[in-house]
Amino acid sequence: MPRMCLICQKTAQAGNIVSHANNKTHTKNHPNLQKVRALFEGKVQNITVCTRCIRSGKVTKAA
């Protein structure tokens, strides 16, 4: 399973670290993913979601 939010499909972003000498080094920034026990597709499941979806209320946590 890839590192991806199941709600918003957020994945890693690729970019460059640019030094003062203008050397470019490839890097990846991964989203802050958390495993949450929540209602998903009508069932209680353990899903991987980003913290932005948890904070904005897109995820309903199970009791």
# chains A, B, ... in the order shown; residues from 1 in each chain; ligands from 1

call {"tool": "residues_around", "arguments": {"residues": "Phe40 in chain A", "least_positions_apart": "6", "cutoff": "9 Å", "atoms": "only C-alpha atoms", "output": "count of residues only"}}
result
4

call {"tool": "select_by_dssp", "arguments": {"residues": "chain A", "states": "alpha helix (DSSP H)", "output": "list of chain:residue names"}}
result
A:Thr51, A:Arg52, A:Cys53, A:Ile54, A:Arg55, A:Ser56

call {"tool": "select_by_dssp", "arguments": {"residues": "chain A", "states": "strand (DSSP E or B)", "output": "list in words"}}
result
Gln13, Ala14, Gly15, Asn16, Ile17, Val18, Lys24, Thr25, His26, Thr27, Lys28, Asn29, Leu33, Gln34, Lys35, Val36, Arg37, Ala38, Leu39, Phe40, Lys43, Val44, Gln45, Asn46, Ile47, Thr48, Val49, Cys50 and Lys61 of chain A

call {"tool": "closest_residue", "arguments": {"among": "A:Thr11, A:Asn32, A:Asn23, A:Asn16", "to": "Thr51 in chain A", "atoms": "only C-alpha atoms"}}
result
A:Asn32

call {"tool": "closest_residue", "arguments": {"among": "A:Lys61, A:His26, A:Arg52, A:His20", "to": "Ala38 in chain A", "atoms": "only C-alpha atoms"}}
result
A:Lys61

call {"tool": "residues_around", "arguments": {"residues": "range 4-6 of chain A", "least_positions_apart": "5", "cutoff": "8 Å", "atoms": "only C-alpha atoms", "output": "JSON, numbers by chain"}}
result
{"A": [11, 12, 31, 33, 47, 48, 49, 50]}

call {"tool": "write_last_selection", "arguments": {"atoms": "N, CA and C atoms", "output": "PDB file, in the first residue's frame"}}
result
ATOM      1  N   THR A  11      -0.196  12.392  -1.698  1.00  0.00           N
ATOM      2  CA  THR A  11       0.996  11.548  -1.713  1.00  0.00           C
ATOM      3  C   THR A  11       2.233  12.443  -1.603  1.00  0.00           C
ATOM      4  N   ALA A  12       3.400  11.832  -1.779  1.00  0.00           N
ATOM      5  CA  ALA A  12       4.653  12.564  -1.647  1.00  0.00           C
ATOM      6  C   ALA A  12       4.816  13.573  -2.780  1.00  0.00           C
ATOM      7  N   PRO A  31       3.451  13.366   3.222  1.00  0.00           N
ATOM      8  CA  PRO A  31       2.419  13.929   4.092  1.00  0.00           C
ATOM      9  C   PRO A  31       2.456  13.275   5.463  1.00  0.00           C
ATOM     10  N   LEU A  33       0.914  11.246   7.793  1.00  0.00           N
ATOM     11  CA  LEU A  33      -0.155  10.255   7.789  1.00  0.00           C
ATOM     12  C   LEU A  33      -0.271   9.584   9.149  1.00  0.00           C
ATOM     13  N   ILE A  47      -7.814   3.077   8.912  1.00  0.00           N
ATOM     14  CA  ILE A  47      -7.421   3.699   7.653  1.00  0.00           C
ATOM     15  C   ILE A  47      -6.254   4.640   7.898  1.00  0.00           C
ATOM     16  N   THR A  48      -5.541   4.948   6.818  1.00  0.00           N
ATOM     17  CA  THR A  48      -4.417   5.879   6.871  1.00  0.00           C
ATOM     18  C   THR A  48      -4.860   7.190   6.260  1.00  0.00           C
ATOM     19  N   VAL A  49      -4.865   8.252   7.073  1.00  0.00           N
ATOM     20  CA  VAL A  49      -5.306   9.564   6.606  1.00  0.00           C
ATOM     21  C   VAL A  49      -4.303  10.624   7.034  1.00  0.00           C
ATOM     22  N   CYS A  50      -4.287  11.730   6.310  1.00  0.00           N
ATOM     23  CA  CYS A  50      -3.389  12.828   6.670  1.00  0.00           C
ATOM     24  C   CYS A  50      -4.002  13.637   7.803  1.00  0.00           C
TER      25      CYS A  50
END

call {"tool": "closest_residue", "arguments": {"among": "A:Val18, A:His30, A:Gln9, A:Ala62", "to": "Lys43 in chain A", "atoms": "only C-alpha atoms"}}
result
A:Ala62
